[in-house]
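First up is the structure itself, then whatever we jot down about it.
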Amino acid sequence: RKHSKIKLTSIARDTYVEIMRNGKTRQDKITHAYMYGKAPLAVDTLNRNFELNITDYASINFFGFTPLDDVHLLYPTYFVYNSFPFSSR
């Protein structure tokens with residue numbers, strides 16, 4: 001069912017999950033998924049481990065949260081925390 005709501009959640013970066021990397025699955029911290037494969041691997045890891053279907057996302061750092069108060073997004077967006085400048089898919 002489609003809706004026009006934004007979903008935002010937080011997952012502790014030290015949470016151990018299974019990360020698919022180079023065709024092999026290994027247990028590692030969720031924060032390492034971004035380190036190994038940037039946003040695509042982080043989103044894939046979230047989808048696999050938490051039975052989600054994330055298809056749209058924005059990747060921002062902590063400084064990017066403040067301007068979000070002034071932005072009205074028109075479609076569901078998921079945020080993946082990282083320490084790099086703003087980028088989107």
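Each chain of the structure tokens is named A, B, ... in the order shown, its residues numbered from 1; ligands are numbered from 1 in display order.
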* Excluding same-chain residues fewer than 5 positions from Asn53 (chain A), what lies within 10 Å of it counting only C-alpha atoms, as a VMD selection string? -> chain A and resid 43 to 44 46 to 48
Take the residues that were just selected and, keeping C-alpha atoms, output them as an mmCIF file, in the first residue's frame.
```
data_model
loop_
_atom_site.group_PDB
_atom_site.id
_atom_site.type_symbol
_atom_site.label_atom_id
_atom_site.label_comp_id
_atom_site.auth_asym_id
_atom_site.auth_seq_id
_atom_site.Cartn_x
_atom_site.Cartn_y
_atom_site.Cartn_z
ATOM 1 C CA VAL A 43 20.452 -0.721 2.139
ATOM 2 C CA ASP A 44 20.757 -4.329 0.931
ATOM 3 C CA LEU A 46 19.008 -3.588 6.075
ATOM 4 C CA ASN A 47 16.560 -5.206 3.644
ATOM 5 C CA ARG A 48 17.964 -8.720 4.154
#
```
* Asked: Hey, can you check how far CA of Ala58 (chain A) sits from CA of Arg26 (chain A)?
  ->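 Distance between the two atoms: 25.6 Å.
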* To do: Would you work out the distance separating CA of Asn49 (chain A) from CA of Lys5 (chain A), expressed in Å to one decimal?
  =>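 Value for the CA of Asn49 (chain A)-CA of Lys5 (chain A) distance: 22.8 Å.
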* Asked: CA of Asp56 (chain A) to CA of Ile30 (chain A): how many Å, to one decimal?
  ->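 Rounded to one decimal, the two atoms are 18.8 Å apart.
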